[in-house]
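With compact mmCIF, C-alpha atoms inside, this is my_file04.txt:
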# COMPACT_ATOMS: atom_id res chain seq x y z
CA MET A 14 -11.70 46.88 31.92
CA THR A 15 -15.22 45.69 32.57
CA LYS A 16 -16.31 42.72 30.44
CA LEU A 17 -19.66 43.34 28.84
CA LYS A 18 -22.19 40.49 28.94
CA SER A 19 -24.41 39.73 25.99
CA SER A 20 -28.01 40.70 26.58
CA ASN A 21 -29.01 37.45 24.87
CA SER A 22 -27.04 35.12 27.17
CA LYS A 23 -29.87 34.38 29.59
CA PRO A 24 -32.51 33.62 26.91
CA ALA A 25 -29.99 31.38 25.14
CA GLU A 26 -29.20 29.52 28.36
CA SER A 27 -32.90 29.23 29.09
CA ASN A 28 -33.59 27.75 25.65
CA LEU A 29 -30.74 25.25 26.08
CA ASP A 30 -32.01 24.18 29.49
CA SER A 31 -35.51 23.76 28.04
CA THR A 32 -34.20 21.62 25.16
CA ILE A 33 -32.18 19.40 27.50
CA GLU A 34 -35.20 18.90 29.73
CA GLU A 35 -37.41 17.99 26.76
CA GLN A 36 -34.86 15.46 25.52
CA SER A 37 -34.50 13.99 28.99
CA ALA A 38 -38.27 13.63 29.27
CA GLU A 39 -38.40 11.88 25.88
CA LEU A 40 -35.66 9.46 26.94
CA ARG A 41 -37.46 8.69 30.23
CA LEU A 42 -40.68 7.97 28.34
CA LEU A 43 -38.84 5.81 25.80
CA ARG A 44 -37.10 3.79 28.52
CA LYS A 45 -40.47 3.21 30.14
CA GLU A 46 -41.98 2.02 26.85
CA VAL A 47 -39.03 -0.28 26.15
CA ALA A 48 -39.25 -1.75 29.65
CA GLU A 49 -42.97 -2.41 29.15
CA TRP A 50 -42.29 -4.06 25.80
CA ARG A 51 -39.54 -6.18 27.38
CA ARG A 52 -41.97 -7.55 29.99
CA LYS A 53 -44.48 -8.50 27.32
CA TYR A 54 -41.78 -9.99 25.11
CA GLU A 55 -40.35 -12.20 27.85
CA SER A 56 -43.78 -13.45 28.86
CA GLY A 57 -44.76 -14.22 25.26
CA GLU A 58 -44.28 -17.42 23.26
CA LEU A 59 -41.08 -17.54 21.21
CA ARG A 60 -39.90 -19.79 18.40
CA ASP A 61 -36.52 -21.43 18.67
CA ILE A 62 -34.44 -19.55 16.10
CA ALA A 63 -31.05 -21.23 16.02
CA PHE A 64 -29.58 -19.45 12.99
CA THR A 65 -28.51 -15.86 12.42
CA ASN A 66 -26.50 -14.25 9.62
CA SER A 67 -24.78 -11.93 12.08
CA GLU A 68 -21.48 -12.69 13.80
CA ARG A 69 -22.85 -10.95 16.87
CA GLU A 70 -25.87 -11.65 18.99
CA VAL A 71 -28.83 -9.82 17.47
CA GLN A 72 -31.25 -8.17 19.87
CA PRO A 73 -34.98 -8.73 19.23
CA LEU A 74 -35.60 -4.97 19.20
CA TYR A 75 -33.59 -1.82 18.60
CA SER A 76 -34.85 1.64 19.51
CA PRO A 77 -33.53 5.22 19.46
CA LEU A 78 -32.03 4.40 22.85
CA ASP A 79 -29.44 2.22 21.16
CA ALA A 80 -28.38 5.09 18.93
CA ALA A 81 -28.38 7.52 21.86
CA GLU A 82 -26.13 5.23 23.88
CA THR A 83 -23.68 4.56 21.01
CA SER A 84 -20.43 6.45 21.35
CA ALA A 85 -19.58 9.04 18.72
CA ASP A 86 -16.28 7.26 18.07
CA ALA A 87 -18.04 3.99 17.25
CA LEU A 88 -20.58 5.64 14.94
CA GLY A 89 -18.20 7.97 13.14
CA MET A 90 -19.05 10.46 10.42
CA PRO A 91 -19.81 9.84 6.73
CA GLY A 92 -16.63 9.68 4.68
CA ILE A 93 -14.40 9.31 7.76
CA TYR A 94 -12.87 6.18 9.28
CA PRO A 95 -14.26 3.67 10.36
CA TYR A 96 -16.77 4.41 7.53
CA THR A 97 -19.75 2.99 9.41
CA ARG A 98 -21.88 5.67 7.73
CA GLY A 99 -20.49 5.23 4.23
CA VAL A 100 -17.27 6.04 2.40
CA HIS A 101 -18.51 9.32 0.89
CA ALA A 102 -19.05 12.45 2.94
CA THR A 103 -21.99 13.48 0.75
CA GLY A 104 -23.52 9.99 0.49
CA TYR A 105 -26.10 9.73 -2.28
CA ARG A 106 -26.75 13.47 -2.14
CA GLY A 107 -23.62 13.91 -4.23
CA LYS A 108 -24.02 10.99 -6.62
CA LEU A 109 -26.64 8.29 -7.05
CA TRP A 110 -25.65 4.65 -6.86
CA THR A 111 -24.70 3.00 -10.14
CA MET A 112 -27.67 1.43 -11.95
CA ARG A 113 -26.76 -1.55 -14.10
CA GLN A 114 -28.61 -4.60 -15.38
CA PHE A 115 -26.81 -7.95 -15.42
CA ALA A 116 -26.65 -8.87 -19.11
CA GLY A 117 -24.88 -11.21 -21.51
CA PHE A 118 -26.36 -12.52 -24.77
CA GLY A 119 -24.63 -15.24 -26.79
CA SER A 120 -22.04 -13.36 -28.83
CA ALA A 121 -20.00 -10.30 -27.93
CA HIS A 122 -21.65 -8.40 -30.80
CA ASP A 123 -25.19 -9.13 -29.57
CA THR A 124 -24.27 -8.15 -26.02
CA ASN A 125 -22.63 -4.94 -27.23
CA GLU A 126 -25.93 -3.93 -28.86
CA ARG A 127 -27.74 -4.68 -25.61
CA TYR A 128 -25.30 -2.56 -23.59
CA LYS A 129 -25.76 0.39 -25.91
CA PHE A 130 -29.54 0.04 -25.60
CA LEU A 131 -29.33 0.00 -21.80
CA LEU A 132 -27.03 3.02 -21.67
CA GLU A 133 -29.34 4.95 -24.01
CA HIS A 134 -32.23 4.25 -21.62
CA GLY A 135 -30.61 5.60 -18.47
CA GLN A 136 -28.38 2.83 -17.18
CA THR A 137 -25.24 4.30 -15.60
CA GLY A 138 -22.98 1.24 -15.59
CA LEU A 139 -22.55 -2.21 -17.15
CA SER A 140 -22.66 -5.69 -15.64
CA VAL A 141 -21.28 -8.60 -17.65
CA ALA A 142 -22.84 -12.06 -17.48
CA PHE A 143 -20.46 -14.66 -18.95
CA ASP A 144 -21.39 -18.08 -20.33
CA PHE A 145 -20.30 -21.18 -18.45
CA PRO A 146 -17.29 -22.09 -20.64
CA THR A 147 -15.90 -18.61 -19.99
CA LEU A 148 -16.53 -19.01 -16.25
CA MET A 149 -14.57 -22.27 -16.38
CA GLY A 150 -11.72 -20.82 -18.42
CA TYR A 151 -12.49 -22.67 -21.67
CA ASP A 152 -12.44 -21.20 -25.17
CA SER A 153 -15.66 -21.50 -27.15
CA ASP A 154 -14.06 -24.05 -29.52
CA HIS A 155 -12.92 -26.38 -26.73
CA PRO A 156 -14.68 -29.81 -26.80
CA ARG A 157 -15.92 -29.30 -23.23
CA SER A 158 -17.68 -26.08 -24.30
CA GLU A 159 -19.97 -27.87 -26.75
CA GLY A 160 -23.63 -27.08 -26.15
CA GLU A 161 -22.90 -24.34 -23.59
CA VAL A 162 -21.45 -21.53 -25.70
CA GLY A 163 -23.42 -18.30 -25.32
CA LYS A 164 -25.96 -19.82 -22.92
CA CYS A 165 -26.77 -17.84 -19.77
CA GLY A 166 -24.18 -15.23 -20.73
CA VAL A 167 -21.76 -13.93 -23.31
CA ALA A 168 -18.89 -16.02 -24.71
CA ILE A 169 -15.50 -14.32 -24.33
CA SER A 170 -12.48 -16.30 -25.49
CA SER A 171 -10.03 -13.59 -26.52
CA LEU A 172 -9.04 -9.95 -26.39
CA ALA A 173 -10.79 -9.53 -29.75
CA ASP A 174 -14.06 -10.68 -28.14
CA MET A 175 -13.61 -8.16 -25.32
CA GLU A 176 -12.95 -5.37 -27.81
CA THR A 177 -16.16 -6.27 -29.65
CA LEU A 178 -18.08 -6.42 -26.39
CA PHE A 179 -17.25 -2.78 -25.61
CA ASP A 180 -16.95 -1.41 -29.14
CA GLY A 181 -18.20 2.18 -29.24
CA ILE A 182 -18.54 2.37 -25.44
CA PRO A 183 -15.98 4.76 -23.88
CA LEU A 184 -14.58 2.78 -20.95
CA ASP A 185 -13.50 5.93 -19.10
CA GLN A 186 -17.15 7.02 -18.91
CA VAL A 187 -18.83 3.90 -17.49
CA SER A 188 -18.13 1.54 -14.62
CA THR A 189 -18.25 -2.17 -15.40
CA SER A 190 -18.95 -5.12 -13.13
CA MET A 191 -17.77 -8.56 -14.23
CA THR A 192 -19.24 -11.56 -12.43
CA ILE A 193 -16.43 -14.07 -12.80
CA ASN A 194 -14.12 -15.84 -10.37
CA GLY A 195 -11.82 -18.64 -11.59
CA PRO A 196 -10.37 -16.87 -14.66
CA ALA A 197 -11.24 -13.39 -13.32
CA VAL A 198 -7.70 -12.04 -13.67
CA ILE A 199 -7.64 -13.07 -17.36
CA LEU A 200 -10.93 -11.31 -18.20
CA TYR A 201 -9.73 -8.32 -16.17
CA CYS A 202 -6.58 -8.16 -18.30
CA PHE A 203 -8.69 -8.38 -21.47
CA TYR A 204 -10.75 -5.42 -20.21
CA ILE A 205 -7.70 -3.28 -19.40
CA ALA A 206 -6.12 -4.09 -22.77
CA ALA A 207 -9.37 -3.24 -24.58
CA ALA A 208 -9.43 0.09 -22.75
CA GLU A 209 -5.81 0.78 -23.72
CA LYS A 210 -6.71 0.13 -27.36
CA GLN A 211 -9.40 2.80 -26.95
CA GLY A 212 -6.71 5.13 -25.65
CA VAL A 213 -8.04 5.02 -22.07
CA ASP A 214 -5.53 5.14 -19.21
CA SER A 215 -6.05 2.25 -16.77
CA ARG A 216 -6.13 4.78 -13.90
CA LYS A 217 -9.43 6.10 -15.27
CA LEU A 218 -11.15 2.70 -15.28
CA ARG A 219 -13.90 2.08 -12.73
CA GLY A 220 -15.64 -1.18 -11.94
CA THR A 221 -15.53 -4.51 -10.13
CA ILE A 222 -14.50 -8.09 -10.71
CA GLN A 223 -16.10 -10.63 -8.39
CA ASN A 224 -12.76 -12.50 -8.15
CA ASP A 225 -13.88 -14.57 -5.14
CA ILE A 226 -12.70 -18.15 -5.63
CA LEU A 227 -13.87 -19.23 -2.17
CA LYS A 228 -17.45 -18.48 -3.26
CA GLU A 229 -17.02 -21.02 -6.05
CA TYR A 230 -16.05 -23.79 -3.64
CA MET A 231 -19.18 -23.03 -1.62
CA ALA A 232 -21.73 -22.32 -4.36
CA GLN A 233 -21.46 -22.40 -8.16
CA HIS A 234 -18.41 -24.74 -8.24
CA ALA A 235 -16.84 -23.06 -11.28
CA TRP A 236 -13.26 -23.14 -10.01
CA VAL A 237 -10.23 -23.45 -12.26
CA TYR A 238 -7.22 -23.78 -9.96
CA PRO A 239 -6.67 -25.23 -6.47
CA ILE A 240 -7.33 -22.82 -3.62
CA GLU A 241 -3.71 -21.79 -2.85
CA PRO A 242 -2.67 -20.69 -6.36
CA ALA A 243 -6.12 -19.15 -6.92
CA LEU A 244 -5.68 -17.01 -3.82
CA ARG A 245 -2.18 -16.07 -4.96
CA LEU A 246 -3.61 -14.78 -8.26
CA ILE A 247 -6.24 -12.79 -6.37
CA VAL A 248 -3.67 -11.17 -4.06
CA ASP A 249 -1.36 -10.40 -6.99
CA CYS A 250 -4.34 -8.71 -8.65
CA PHE A 251 -4.88 -6.58 -5.52
CA GLU A 252 -1.24 -5.53 -5.46
CA TRP A 253 -0.93 -4.61 -9.14
CA SER A 254 -4.29 -2.84 -9.33
CA ALA A 255 -3.65 -0.70 -6.26
CA GLU A 256 -0.93 1.05 -8.27
CA HIS A 257 -2.20 0.83 -11.84
CA VAL A 258 -6.05 0.75 -11.60
CA PRO A 259 -6.72 2.53 -8.31
CA GLN A 260 -10.44 3.13 -8.90
CA TRP A 261 -11.20 -0.55 -9.49
CA ASN A 262 -12.73 -2.89 -6.90
CA THR A 263 -10.61 -6.00 -7.28
CA ILE A 264 -12.84 -8.40 -5.35
Same coordinates, now as structure tokens:
Amino acid sequence: MTKLKSSNSKPAESNLDSTIEEQSAELRLLRKEVAEWRRKYESGELRDIAFTNSEREVQPLYSPLDAAETSADALGMPGIYPYTRGVHATGYRGKLWTMRQFAGFGSAHDTNERYKFLLEHGQTGLSVAFDFPTLMGYDSDHPRSEGEVGKCGVAISSLADMETLFDGIPLDQVSTSMTINGPAVILYCFYIAAAEKQGVDSRKLRGTIQNDILKEYMAQHAWVYPIEPALRLIVDCFEWSAEHVPQWNTI
């Protein structure tokens, strides 16, 4: 039986050859331009920049050549390991990033009113700023809290405070970020318990606790426990949440 050839095969092959040639010409031109830039760069005057935030050596210039010469395995696809192009296949085309303003005003009641105002005006998540006694694990009536209660954030000393903070806000419909480290696991438990009192299953909760005690030793210095037990609490939080609050970012 004679195999019939498509009448369109030659035009298709011709178009492919033309496209490959055009791309090759573009790459040749780009390599020439990069080489010319490199000569000018190396003959120019440079400052001594000793510090970089990257763990790897950072090149002074990146061009489409770098992308063209990156292997497909290293780049990956959106939503597929190693997630170099994001964890969601649809990216922000499927859902916009969460918009939330860092807020905490004196009392839980005042902050609750602020959260409702923000949500009514288009905010899609909540971000809790705690006062310094709360960050340090002190109740508002502790002698060391005097003069600091409700400053620079909301005072949360109990489950009742957390319930007031989110009164009338369905916790299965918003994601909540809590910027707290030393007593993070305690505030996290308050939040889960407040949700349960609303009738919300912990598996439906979405949000983040900062929960990074090492940051406190480097920056704000609001630690509560020594490093080893603090890290143990953090890891225990990871383990429990993976099963019971799977949508939550635990650090």
Next item on the list: Return the single residue from A:Leu29, A:Ile264, A:Leu246, A:Leu184 that is closest to A:Tyr204, with distances computed using all atoms listed in the file.
Entry: A:Leu184
Check: Within 6 Å of stretch 166-172 of chain A, counting only C-alpha atoms, which residues qualify if same-chain residues fewer than 6 places away don't, as a ChimeraX atom specification?
Finding: /A:117-120,142-144,152,203
Write out the residues from the selection above, keeping C-alpha atoms, as a compact mmCIF listing (two decimals), keeping the file's coordinate frame.
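After the write, part.txt holds the following:
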# COMPACT_ATOMS: atom_id res chain seq x y z
CA GLY A 117 -24.88 -11.21 -21.51
CA PHE A 118 -26.36 -12.52 -24.77
CA GLY A 119 -24.63 -15.24 -26.79
CA SER A 120 -22.04 -13.36 -28.83
CA ALA A 142 -22.84 -12.06 -17.48
CA PHE A 143 -20.46 -14.66 -18.95
CA ASP A 144 -21.39 -18.08 -20.33
CA ASP A 152 -12.44 -21.20 -25.17
CA PHE A 203 -8.69 -8.38 -21.47
Next item on the list: Find, counting all atoms listed in the file, the residue in A:Gln36, A:Thr65, A:Ser140, A:Thr263 that gets nearest to A:Thr221.
Entry: A:Thr263
Next item on the list: Do a neighbour search on stretch 233-239 of chain A at 9 Å with all atoms listed in the file, toss out local chain neighbours closer than 2 positions, and write the hits as a list in words.
Entry: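 Using all atoms listed in the file, the neighbours found are Phe145, Leu148, Met149, Gly150, Asn194, Gly195, Pro196, Ile226, Leu227, Lys228, Glu229, Tyr230, Met231, Glu241, Pro242, Ala243 and Leu244 of chain A.
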List as a PDB file with C-alpha atoms, in the coordinates of the input the protein and nucleic acid residues near stretch 179-181 of chain A, meaning an atom at most 8 Å away when all atoms listed in the file are counted, but skip any in the same chain fewer than 4 places from it.
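Final output, saved to out-v2.pdb:
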ATOM      1  CA  ASN A 125     -22.630  -4.940 -27.230  1.00  0.00           C
ATOM      2  CA  MET A 175     -13.610  -8.160 -25.320  1.00  0.00           C
ATOM      3  CA  ALA A 207      -9.370  -3.240 -24.580  1.00  0.00           C
TER       4      ALA A 207
END
Margin query: Between atom CA of A:Asn224 and atom CA of A:Tyr151, what distance in Å does the model show, to one decimal?
Written below: 16.9 Å
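What separates atom CA of A:Leu218 from atom CA of A:Thr189 is a distance of 8.6 Å.
Using all atoms listed in the file, the protein and nucleic acid residues lying no more than 12 Å from A:Tyr54, apart from those fewer than 6 places from it along its own chain, are Val47, Ala48, Gln72, Pro73 and Leu74 of chain A.
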Check: Do you have the atom CA of A:Arg127-atom CA of A:Leu109 distance handy?
Finding: 22.7 Å
